[in-house]
Structures are given as C-alpha cells and as structure tokens.
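Next comes protein.cif, with mmCIF, C-alpha atoms.
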```cif
data_my_file
loop_
_atom_site.group_PDB
_atom_site.id
_atom_site.type_symbol
_atom_site.label_atom_id
_atom_site.label_comp_id
_atom_site.auth_asym_id
_atom_site.auth_seq_id
_atom_site.Cartn_x
_atom_site.Cartn_y
_atom_site.Cartn_z
ATOM 1 C CA MET A 1 18.904 98.914 35.930
ATOM 2 C CA SER A 2 20.201 97.687 32.550
ATOM 3 C CA LEU A 3 20.992 94.039 31.877
ATOM 4 C CA THR A 4 24.686 94.846 31.477
ATOM 5 C CA ALA A 5 24.760 96.695 34.809
ATOM 6 C CA LEU A 6 22.954 93.815 36.467
ATOM 7 C CA LEU A 7 25.463 91.333 35.140
ATOM 8 C CA MET A 8 28.494 93.314 36.210
ATOM 9 C CA LYS A 9 27.142 94.446 39.591
ATOM 10 C CA GLN A 10 29.595 94.000 42.440
ATOM 11 C CA HIS A 11 31.033 90.655 41.409
ATOM 12 C CA LYS A 12 34.710 89.823 41.404
ATOM 13 C CA PRO A 13 36.089 88.032 38.361
ATOM 14 C CA ASN A 14 36.021 84.265 38.672
ATOM 15 C CA THR A 15 37.262 82.022 35.889
ATOM 16 C CA ALA A 16 36.756 78.725 37.618
ATOM 17 C CA GLY A 17 33.903 77.647 35.331
ATOM 18 C CA ALA A 18 35.815 78.564 32.180
ATOM 19 C CA LYS A 19 38.965 76.698 33.340
ATOM 20 C CA VAL A 20 37.031 73.488 33.947
ATOM 21 C CA GLN A 21 35.409 73.604 30.505
ATOM 22 C CA GLY A 22 37.982 75.471 28.440
ATOM 23 C CA PRO A 23 40.317 76.573 27.240
ATOM 24 C CA PHE A 24 38.281 79.408 25.745
ATOM 25 C CA ASP A 25 41.057 81.160 23.869
ATOM 26 C CA LEU A 26 41.375 82.934 20.514
ATOM 27 C CA THR A 27 41.340 79.615 18.671
ATOM 28 C CA TYR A 28 38.024 78.678 20.268
ATOM 29 C CA TYR A 29 36.436 82.010 19.342
ATOM 30 C CA VAL A 30 37.680 81.761 15.732
ATOM 31 C CA LYS A 31 36.191 78.271 15.496
ATOM 32 C CA GLY A 32 32.914 79.613 16.870
ATOM 33 C CA ALA A 33 32.928 82.541 14.448
ATOM 34 C CA PHE A 34 33.739 80.282 11.478
ATOM 35 C CA ALA A 35 31.010 77.801 12.426
ATOM 36 C CA GLY A 36 28.586 80.706 12.851
ATOM 37 C CA GLY A 37 29.474 82.165 9.474
ATOM 38 C CA LEU A 38 28.997 78.837 7.721
ATOM 39 C CA CYS A 39 25.734 77.934 9.455
ATOM 40 C CA CYS A 40 24.156 81.323 8.671
ATOM 41 C CA SER A 41 25.445 81.408 5.092
ATOM 42 C CA ILE A 42 24.264 77.860 4.323
ATOM 43 C CA THR A 43 20.817 78.204 5.885
ATOM 44 C CA HIS A 44 20.006 81.667 4.531
ATOM 45 C CA GLY A 45 21.300 80.672 1.089
ATOM 46 C CA ALA A 46 19.220 77.483 1.071
ATOM 47 C CA LEU A 47 16.099 79.415 2.049
ATOM 48 C CA CYS A 48 16.662 82.227 -0.454
ATOM 49 C CA PRO A 49 13.565 81.199 -2.535
ATOM 50 C CA VAL A 50 11.380 81.371 0.576
ATOM 51 C CA ASP A 51 12.827 84.787 1.396
ATOM 52 C CA VAL A 52 12.152 86.033 -2.139
ATOM 53 C CA VAL A 53 8.479 85.061 -1.879
ATOM 54 C CA LYS A 54 8.200 86.415 1.678
ATOM 55 C CA THR A 55 9.704 89.750 0.596
ATOM 56 C CA ARG A 56 7.365 89.974 -2.416
ATOM 57 C CA ILE A 57 4.362 89.361 -0.124
ATOM 58 C CA GLN A 58 5.558 92.205 2.118
ATOM 59 C CA LEU A 59 6.313 94.605 -0.741
ATOM 60 C CA GLU A 60 3.291 93.857 -2.953
ATOM 61 C CA PRO A 61 0.515 92.438 -0.724
ATOM 62 C CA GLN A 62 -2.163 93.422 -3.281
ATOM 63 C CA LYS A 63 -0.584 91.128 -5.887
ATOM 64 C CA TYR A 64 0.830 88.365 -3.687
ATOM 65 C CA ASN A 65 -2.188 87.809 -1.470
ATOM 66 C CA ARG A 66 -2.863 84.081 -1.801
ATOM 67 C CA GLY A 67 -0.351 82.701 0.647
ATOM 68 C CA MET A 68 3.125 81.214 0.570
ATOM 69 C CA VAL A 69 2.601 78.253 -1.794
ATOM 70 C CA ALA A 70 0.635 80.312 -4.309
ATOM 71 C CA GLY A 71 3.315 83.010 -4.061
ATOM 72 C CA PHE A 72 5.926 80.582 -5.380
ATOM 73 C CA GLY A 73 3.707 79.835 -8.350
ATOM 74 C CA GLN A 74 3.116 83.522 -9.038
ATOM 75 C CA VAL A 75 6.830 84.379 -9.016
ATOM 76 C CA ILE A 76 7.716 81.428 -11.268
ATOM 77 C CA ALA A 77 4.847 82.146 -13.683
ATOM 78 C CA SER A 78 5.758 85.809 -14.135
ATOM 79 C CA GLU A 79 9.570 85.704 -13.945
ATOM 80 C CA GLY A 80 10.731 82.109 -14.239
ATOM 81 C CA VAL A 81 12.329 79.701 -11.765
ATOM 82 C CA GLY A 82 15.554 81.726 -11.728
ATOM 83 C CA ALA A 83 13.754 84.577 -9.970
ATOM 84 C CA LEU A 84 13.647 82.483 -6.794
ATOM 85 C CA ALA A 85 17.431 82.866 -6.557
ATOM 86 C CA THR A 86 17.304 86.663 -6.788
ATOM 87 C CA GLY A 87 19.649 88.198 -4.214
ATOM 88 C CA LEU A 88 21.475 84.915 -3.523
ATOM 89 C CA GLY A 89 24.911 86.558 -3.749
ATOM 90 C CA PRO A 90 24.403 89.258 -1.104
ATOM 91 C CA THR A 91 22.468 86.755 1.017
ATOM 92 C CA VAL A 92 25.329 84.238 1.163
ATOM 93 C CA VAL A 93 28.074 86.836 1.654
ATOM 94 C CA GLY A 94 26.108 89.045 4.041
ATOM 95 C CA TYR A 95 24.984 86.266 6.321
ATOM 96 C CA PHE A 96 28.416 84.633 6.452
ATOM 97 C CA ILE A 97 29.784 87.926 7.777
ATOM 98 C CA GLN A 98 26.812 88.389 10.104
ATOM 99 C CA GLY A 99 27.033 84.811 11.380
ATOM 100 C CA TRP A 100 30.756 85.212 12.014
ATOM 101 C CA PHE A 101 30.188 88.148 14.339
ATOM 102 C CA LYS A 102 26.867 86.922 15.772
ATOM 103 C CA PHE A 103 27.745 83.382 16.836
ATOM 104 C CA GLY A 104 31.383 84.222 17.557
ATOM 105 C CA GLY A 105 30.310 87.307 19.479
ATOM 106 C CA VAL A 106 27.679 85.481 21.524
ATOM 107 C CA GLU A 107 30.256 82.896 22.555
ATOM 108 C CA PHE A 108 32.753 85.634 23.453
ATOM 109 C CA PHE A 109 30.375 87.782 25.502
ATOM 110 C CA LYS A 110 28.594 84.819 27.111
ATOM 111 C CA ILE A 111 31.803 83.152 28.263
ATOM 112 C CA ASN A 112 33.366 86.355 29.543
ATOM 113 C CA PHE A 113 30.241 87.421 31.440
ATOM 114 C CA ALA A 114 30.018 83.954 32.988
ATOM 115 C CA SER A 115 33.716 83.938 33.805
ATOM 116 C CA TYR A 116 33.460 87.312 35.486
ATOM 117 C CA LEU A 117 30.438 86.382 37.563
ATOM 118 C CA GLY A 118 31.519 82.917 38.595
ATOM 119 C CA GLU A 119 29.813 79.596 38.016
ATOM 120 C CA GLU A 120 26.997 79.856 40.568
ATOM 121 C CA ARG A 121 25.994 83.450 39.818
ATOM 122 C CA ALA A 122 26.291 82.836 36.067
ATOM 123 C CA TRP A 123 23.807 79.963 36.365
ATOM 124 C CA GLU A 124 21.346 82.200 38.214
ATOM 125 C CA LEU A 125 21.673 84.926 35.575
ATOM 126 C CA ARG A 126 22.008 82.708 32.505
ATOM 127 C CA ILE A 127 18.947 84.207 30.764
ATOM 128 C CA PRO A 128 20.137 87.824 31.219
ATOM 129 C CA ILE A 129 23.573 86.663 30.038
ATOM 130 C CA TYR A 130 22.074 85.102 26.901
ATOM 131 C CA LEU A 131 20.066 88.265 26.226
ATOM 132 C CA THR A 132 22.940 90.684 26.778
ATOM 133 C CA ALA A 133 25.517 88.632 24.870
ATOM 134 C CA ALA A 134 23.111 88.280 21.930
ATOM 135 C CA ALA A 135 22.302 92.007 21.847
ATOM 136 C CA CYS A 136 25.980 93.037 21.925
ATOM 137 C CA ALA A 137 26.994 90.537 19.250
ATOM 138 C CA GLU A 138 24.073 91.348 16.960
ATOM 139 C CA PHE A 139 24.693 95.104 17.066
ATOM 140 C CA ILE A 140 28.248 94.556 15.822
ATOM 141 C CA ALA A 141 27.115 92.027 13.204
ATOM 142 C CA ASP A 142 24.428 94.357 11.812
ATOM 143 C CA ILE A 143 26.946 97.062 10.983
ATOM 144 C CA PHE A 144 28.405 94.648 8.431
ATOM 145 C CA LEU A 145 25.132 93.016 7.377
ATOM 146 C CA CYS A 146 23.099 96.147 6.618
ATOM 147 C CA PRO A 147 24.715 97.126 3.255
ATOM 148 C CA LEU A 148 24.358 93.590 1.909
ATOM 149 C CA GLU A 149 20.776 93.245 3.150
ATOM 150 C CA ALA A 150 19.914 96.573 1.482
ATOM 151 C CA THR A 151 21.421 95.261 -1.755
ATOM 152 C CA ARG A 152 19.466 92.000 -1.501
ATOM 153 C CA ILE A 153 16.147 93.779 -0.974
ATOM 154 C CA ARG A 154 16.864 96.186 -3.860
ATOM 155 C CA LEU A 155 17.470 93.217 -6.165
ATOM 156 C CA VAL A 156 14.381 91.317 -4.968
ATOM 157 C CA SER A 157 12.092 94.354 -5.224
ATOM 158 C CA ASN A 158 13.443 95.251 -8.690
ATOM 159 C CA PRO A 159 15.066 92.255 -10.453
ATOM 160 C CA GLU A 160 16.004 94.459 -13.419
ATOM 161 C CA TYR A 161 18.039 96.826 -11.233
ATOM 162 C CA ALA A 162 21.275 94.859 -11.645
ATOM 163 C CA SER A 163 22.494 91.379 -12.511
ATOM 164 C CA GLY A 164 23.771 90.583 -9.029
ATOM 165 C CA LEU A 165 25.775 91.701 -5.993
ATOM 166 C CA ILE A 166 28.902 92.824 -7.848
ATOM 167 C CA ALA A 167 26.901 95.013 -10.240
ATOM 168 C CA ALA A 168 24.358 96.288 -7.708
ATOM 169 C CA PHE A 169 26.716 97.314 -4.896
ATOM 170 C CA PRO A 170 28.630 100.080 -6.732
ATOM 171 C CA LYS A 171 25.451 101.211 -8.515
ATOM 172 C CA ILE A 172 23.635 101.804 -5.227
ATOM 173 C CA LEU A 173 26.684 103.578 -3.804
ATOM 174 C CA LYS A 174 26.914 105.869 -6.849
ATOM 175 C CA GLU A 175 23.189 106.672 -7.053
ATOM 176 C CA ASP A 176 22.247 106.976 -3.368
ATOM 177 C CA GLY A 177 25.488 107.329 -1.421
ATOM 178 C CA LEU A 178 26.746 105.283 1.518
ATOM 179 C CA ILE A 179 24.217 106.273 4.197
ATOM 180 C CA THR A 180 21.019 106.537 2.139
ATOM 181 C CA GLY A 181 21.891 103.611 -0.095
ATOM 182 C CA PHE A 182 23.122 101.122 2.461
ATOM 183 C CA TYR A 183 22.067 102.321 5.915
ATOM 184 C CA SER A 184 18.513 103.612 5.446
ATOM 185 C CA GLY A 185 17.422 100.330 6.960
ATOM 186 C CA PHE A 186 19.923 100.306 9.831
ATOM 187 C CA GLY A 187 17.291 101.341 12.380
ATOM 188 C CA PRO A 188 14.782 98.700 11.251
ATOM 189 C CA ILE A 189 17.478 96.054 10.988
ATOM 190 C CA LEU A 190 18.494 96.725 14.595
ATOM 191 C CA LEU A 191 14.846 96.668 15.687
ATOM 192 C CA LYS A 192 14.412 93.410 13.795
ATOM 193 C CA GLN A 193 17.686 91.595 14.424
ATOM 194 C CA ILE A 194 18.464 92.473 18.042
ATOM 195 C CA PRO A 195 15.132 91.278 19.511
ATOM 196 C CA TYR A 196 15.258 88.339 17.083
ATOM 197 C CA THR A 197 18.730 87.277 18.182
ATOM 198 C CA MET A 198 18.011 87.858 21.872
ATOM 199 C CA ALA A 199 14.925 85.631 21.627
ATOM 200 C CA LYS A 200 16.742 83.133 19.429
ATOM 201 C CA PHE A 201 19.583 82.402 21.855
ATOM 202 C CA ALA A 202 17.649 82.810 25.108
ATOM 203 C CA VAL A 203 14.680 80.680 23.977
ATOM 204 C CA GLN A 204 16.957 78.040 22.432
ATOM 205 C CA GLY A 205 18.952 77.784 25.647
ATOM 206 C CA ALA A 206 15.819 77.533 27.778
ATOM 207 C CA ALA A 207 14.129 75.083 25.388
ATOM 208 C CA ALA A 208 17.205 72.845 25.309
ATOM 209 C CA GLU A 209 17.290 72.823 29.122
ATOM 210 C CA GLN A 210 13.642 71.763 29.251
ATOM 211 C CA ILE A 211 14.158 69.030 26.646
ATOM 212 C CA TRP A 212 17.089 67.563 28.572
ATOM 213 C CA LYS A 213 15.071 67.741 31.782
ATOM 214 C CA ALA A 214 11.962 66.164 30.228
ATOM 215 C CA THR A 215 13.889 63.287 28.660
ATOM 216 C CA GLY A 216 15.941 62.651 31.792
ATOM 217 C CA LEU A 217 19.130 62.568 29.723
ATOM 218 C CA ASN A 218 22.456 64.150 30.630
ATOM 219 C CA ALA A 219 23.903 66.382 27.922
ATOM 220 C CA SER A 220 27.519 65.627 28.868
ATOM 221 C CA GLU A 221 26.933 61.869 28.644
ATOM 222 C CA SER A 222 24.717 61.755 25.545
ATOM 223 C CA SER A 223 25.771 60.831 22.010
ATOM 224 C CA GLU A 224 26.446 63.453 19.356
ATOM 225 C CA SER A 225 23.290 62.414 17.480
ATOM 226 C CA THR A 226 21.179 63.003 20.605
ATOM 227 C CA LYS A 227 22.775 66.413 21.135
ATOM 228 C CA LEU A 228 22.056 67.262 17.494
ATOM 229 C CA ALA A 229 18.401 66.256 17.897
ATOM 230 C CA VAL A 230 18.082 68.528 20.933
ATOM 231 C CA SER A 231 19.750 71.398 19.042
ATOM 232 C CA LEU A 232 17.343 70.992 16.120
ATOM 233 C CA SER A 233 14.235 70.686 18.309
ATOM 234 C CA SER A 234 15.091 73.658 20.507
ATOM 235 C CA GLY A 235 16.088 75.608 17.402
ATOM 236 C CA VAL A 236 12.616 75.246 15.869
ATOM 237 C CA VAL A 237 10.993 76.574 19.056
ATOM 238 C CA ALA A 238 13.468 79.463 19.220
ATOM 239 C CA GLY A 239 13.036 80.300 15.544
ATOM 240 C CA VAL A 240 9.252 80.599 15.657
ATOM 241 C CA ALA A 241 9.390 82.736 18.821
ATOM 242 C CA ALA A 242 12.063 84.985 17.316
ATOM 243 C CA ALA A 243 10.163 85.328 14.027
ATOM 244 C CA ILE A 244 6.978 86.526 15.738
ATOM 245 C CA ILE A 245 8.836 89.031 17.925
ATOM 246 C CA SER A 246 10.841 90.578 15.096
ATOM 247 C CA HIS A 247 8.304 90.444 12.245
ATOM 248 C CA PRO A 248 6.979 94.055 12.326
ATOM 249 C CA ALA A 249 10.514 95.410 11.980
ATOM 250 C CA ASP A 250 11.255 92.872 9.223
ATOM 251 C CA THR A 251 8.268 94.168 7.239
ATOM 252 C CA LEU A 252 9.456 97.769 7.656
ATOM 253 C CA LEU A 253 12.971 96.769 6.613
ATOM 254 C CA SER A 254 11.643 95.253 3.390
ATOM 255 C CA LEU A 255 9.564 98.356 2.670
ATOM 256 C CA ILE A 256 12.207 101.009 3.475
ATOM 257 C CA ASN A 257 14.728 99.514 1.036
ATOM 258 C CA LYS A 258 12.249 99.603 -1.835
ATOM 259 C CA GLU A 259 13.111 102.466 -4.174
ATOM 260 C CA GLY A 260 11.207 105.652 -3.220
ATOM 261 C CA ALA A 261 9.544 104.060 -0.188
ATOM 262 C CA GLY A 262 8.345 106.452 2.510
ATOM 263 C CA GLY A 263 8.816 109.554 0.396
ATOM 264 C CA GLU A 264 11.263 112.315 1.301
ATOM 265 C CA GLY A 265 12.765 113.157 4.678
ATOM 266 C CA SER A 266 14.904 111.535 7.336
ATOM 267 C CA ILE A 267 15.006 107.787 7.862
ATOM 268 C CA MET A 268 12.794 108.051 10.961
ATOM 269 C CA THR A 269 10.290 110.227 9.086
ATOM 270 C CA ARG A 270 10.114 107.708 6.248
ATOM 271 C CA LEU A 271 9.757 104.788 8.691
ATOM 272 C CA THR A 272 6.977 106.540 10.610
ATOM 273 C CA ARG A 273 5.159 107.333 7.383
ATOM 274 C CA LEU A 274 5.451 103.729 6.176
ATOM 275 C CA ALA A 275 4.287 102.315 9.519
ATOM 276 C CA TYR A 276 1.239 104.614 9.452
ATOM 277 C CA GLU A 277 0.421 103.732 5.834
ATOM 278 C CA VAL A 278 0.675 99.973 6.370
ATOM 279 C CA GLY A 279 -0.951 99.835 9.808
ATOM 280 C CA PHE A 280 0.024 97.887 12.922
ATOM 281 C CA VAL A 281 -1.968 94.724 12.153
ATOM 282 C CA LYS A 282 -0.487 94.343 8.665
ATOM 283 C CA LEU A 283 3.000 95.051 9.984
ATOM 284 C CA CYS A 284 2.576 92.167 12.433
ATOM 285 C CA LEU A 285 0.786 89.698 10.168
ATOM 286 C CA THR A 286 1.735 90.291 6.512
ATOM 287 C CA GLY A 287 4.000 87.422 5.499
ATOM 288 C CA LEU A 288 4.175 86.072 9.076
ATOM 289 C CA GLY A 289 3.279 82.513 8.132
ATOM 290 C CA ALA A 290 6.017 82.369 5.523
ATOM 291 C CA ARG A 291 8.489 83.905 7.942
ATOM 292 C CA CYS A 292 7.668 81.428 10.740
ATOM 293 C CA VAL A 293 8.289 78.553 8.342
ATOM 294 C CA MET A 294 11.483 80.154 7.119
ATOM 295 C CA ILE A 295 12.904 81.214 10.479
ATOM 296 C CA GLY A 296 11.840 78.046 12.309
ATOM 297 C CA SER A 297 13.633 75.894 9.728
ATOM 298 C CA LEU A 298 16.545 78.286 9.443
ATOM 299 C CA THR A 299 17.187 78.564 13.178
ATOM 300 C CA ALA A 300 16.992 74.807 13.714
ATOM 301 C CA GLY A 301 19.438 74.334 10.856
ATOM 302 C CA GLN A 302 21.795 76.975 12.200
ATOM 303 C CA PHE A 303 22.096 75.460 15.660
ATOM 304 C CA GLY A 304 22.436 71.979 14.172
ATOM 305 C CA ILE A 305 25.171 73.001 11.722
ATOM 306 C CA PHE A 306 26.932 75.162 14.329
ATOM 307 C CA ASP A 307 27.128 72.307 16.832
ATOM 308 C CA THR A 308 28.253 69.863 14.126
ATOM 309 C CA ILE A 309 31.066 72.125 12.911
ATOM 310 C CA MET A 310 32.192 72.888 16.456
ATOM 311 C CA THR A 311 32.396 69.142 17.132
ATOM 312 C CA MET A 312 34.293 68.558 13.875
ATOM 313 C CA THR A 313 36.865 71.205 14.804
ATOM 314 C CA GLY A 314 37.322 69.699 18.269
ATOM 315 C CA ALA A 315 35.850 72.695 20.093
ATOM 316 C CA LYS A 316 33.854 71.857 23.221
ATOM 317 C CA LYS A 317 31.038 74.383 23.643
ATOM 318 C CA PHE A 318 30.646 76.362 26.827
ATOM 319 C CA LYS A 319 27.757 75.234 29.028
ATOM 320 C CA PHE A 320 26.178 76.925 32.010
ATOM 321 C CA VAL A 321 26.590 74.593 34.990
ATOM 322 C CA ASN A 322 23.927 74.117 37.637
ATOM 323 C CA PRO A 323 25.860 74.011 40.947
ATOM 324 C CA ASP A 324 23.145 71.820 42.511
ATOM 325 C CA GLU A 325 23.665 69.111 39.902
ATOM 326 C CA LYS A 326 27.442 68.882 40.120
ATOM 327 C CA HIS A 327 28.764 65.529 41.265
#
```
Once you've parsed the file, please lay out its structure as structure tokens.
Amino acid sequence: MSLTALLMKQHKPNTAGAKVQGPFDLTYYVKGAFAGGLCCSITHGALCPVDVVKTRIQLEPQKYNRGMVAGFGQVIASEGVGALATGLGPTVVGYFIQGWFKFGGVEFFKINFASYLGEERAWELRIPIYLTAAACAEFIADIFLCPLEATRIRLVSNPEYASGLIAAFPKILKEDGLITGFYSGFGPILLKQIPYTMAKFAVQGAAAEQIWKATGLNASESSESTKLAVSLSSGVVAGVAAAIISHPADTLLSLINKEGAGGEGSIMTRLTRLAYEVGFVKLCLTGLGARCVMIGSLTAGQFGIFDTIMTMTGAKKFKFVNPDEKH
C-alpha cells in the first residue's frame, strides 16, 4: 500500500489540531513559501563556490582528484577567483523558485494530511506524513527547478559557453530545444531531489524531537534562540543523511547535463550508459565528502533561516502534537 493510501485510509476529516494551532490559511502558506524561497536562495547562493568545486570533481575526477580544499586551489589557479561564482545567477533564481514550492508545499500537504487524519492519528503517522508531503512538494518544485539547474551545470562545466543566466538560457533553448536542453536531467533530478527532500524533512523532524526529548526542554515554552539552535542542530543531521542518500543521482545529474554526455539516444539510454561507465562505487563516493559538507551546512542554514523568517512574519509553525503529552 502506498504512503498516500495509508494516510488517507478510512479516516474522516478532523481539523481540531489545525484550529488549535492555526489559522493555516492562504496567508500562512504564502509566508511559508516566501520563507522557503529565501532560505533556499540564500543558502545555495552562499555555497555556490562549494558547488562549483563539487561539480568539477564529479565531471572531471581525473583532474580534480585531490579533495575539496585542493579543488578550490585548482579552480582558482586555472580560472581565477571569479570562477567560483560560475552559475550564481541560475542558482539563486532556481532555488528561490524551488524553495517557494518545496517549503510552502511541505507545509500545505503536511497540515492538510494532519487535519484530515486528526491529531492523534497524525501523530502516529507523522513520519509517513513528512515523507509524503516532501515527495509531493518536491515533484512540483523540480518542474520549475530543472531548467535552471541544467543551465547552471552547463555554465559550470563550460565557463566559456555564456556569460551568465540571461545569455545561456535562450542559447540552450535555441541549440538543444526545450526537452533536451532543459529536461534531460529531469529523471536524475527527481531521483536526487525527492529522496533528498523526503530524508531532509523526515530526519530533521525526528532529530528535533530527539533533541527536545534529550534536553528535557519544551518547544512551546523555549526561547526563540533555543528553537533556532535545535533547528540548526537537527538540520545538520538531516543534511548529511539526505546528502548520502541522494548522492548517486546528483553525480548522474552533473554528468548528464555536460555537453555530449552519454552519447546518442533517449535520456534513459544515456543515463544507463553513464552509470555503467562511471560505476556504482564512484557514483556513490565521487565528491561525497564535499557534498556532505555542503548539504549539511546548507540544510542547517535553511531550517534556521526558514524558522527565523516565519517568526519575523508572525507565522506560528504547525507542530505535530503528542496526545499523551497534552496538559
């Protein structure tokens, strides 16, 4: 039975939990989407140099084979410091759009699943709810992210291709067309992003629960600085877990968007050929250290910024409530 079927199985709608915590209306979801867009745009933009080096390691492992720190030196020595900002435009724009739909979508699906199931059942199924809400939201977000991610990788793999997003986008469209140019990596991006986002939200939720339990603190009674510390700590754990799970698909995504990668044929044929050429071990391990550093930092930052912006806008985040702990 699928997760969605499990969640919706023979339960009457119950909005009691949402009414106590809410209101969870259009304004709340817009605030969540805006906070998500900002947190993803800021963190991915800030880590653009790390992503440039990580992508180079994946695309040219024979050249960039001395690790993350040495990779920075190699890029700067051969192309200058400015090369570390390659693809910054599509990164910032693409991940704002993706974050809008991802974080806003997770809030929307999570709250509505929980509302439908009722407080007690939602608590019992909180992990499946996290997983399903994340998968649904990420699928929608990736439709918008994929063209910009393809543009970013094209610029990183070939810095001379175009001067930036505005120049590269129409050039790719003219040379390769909409599907080949922008959606060759849609399969890999789904294989990368959906498991990544499912792990990211589910592990962060579980890790935060364990931190609150271990410290003996009550989230509803704690200061904003304490909540932020928990968000950052749980975010690091979630980021590393998500990076490991999604890394093979991330490597394929980097390779498939390189000009001429995988030869001729359908997208699946090219992906299969690339996977065979690279090998399973290299798919899992090439650039993994750099990605764990990047995604661990990035995910912690995202949850921290998201919670901060939500607090600044006056939005009170939805929380799963343990019926046994209610006073």
For atom CA of A:Val240 and atom CA of A:Cys292, quote the distance in Å rounded to one decimal. 5.2 Å
Hey, which of A:Phe103, A:Trp123, A:Phe96, A:Tyr116 ends up closest to A:Phe320? Count all atoms listed in the file.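 Residue with the minimum atom-to-atom distance to A:Phe320: A:Trp123.
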With distances taken over only C-alpha atoms, which of A:Gly239, A:Pro128, A:Gly32, A:Gly73 is nearest to A:Tyr196?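 Selected residue with least distance to A:Tyr196: A:Gly239.
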Just say which residues the PyMOL selection byres ((chain A and resi 323) around 10) picks in this file, as a PyMOL selection string. chain A and resi 119-121+123-124+320-322+324-327
So which residues touch A:Ile172 within 9 Å, counting only C-alpha atoms, skipping near sequence neighbours fewer than 2 positions away, as JSON, numbers by chain? {"A": [151, 154, 168, 169, 170, 174, 175, 176, 177, 178, 181, 182]}
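From atom CA of A:Lys110 back to atom CA of A:Cys136, the distance works out to 10.1 Å.
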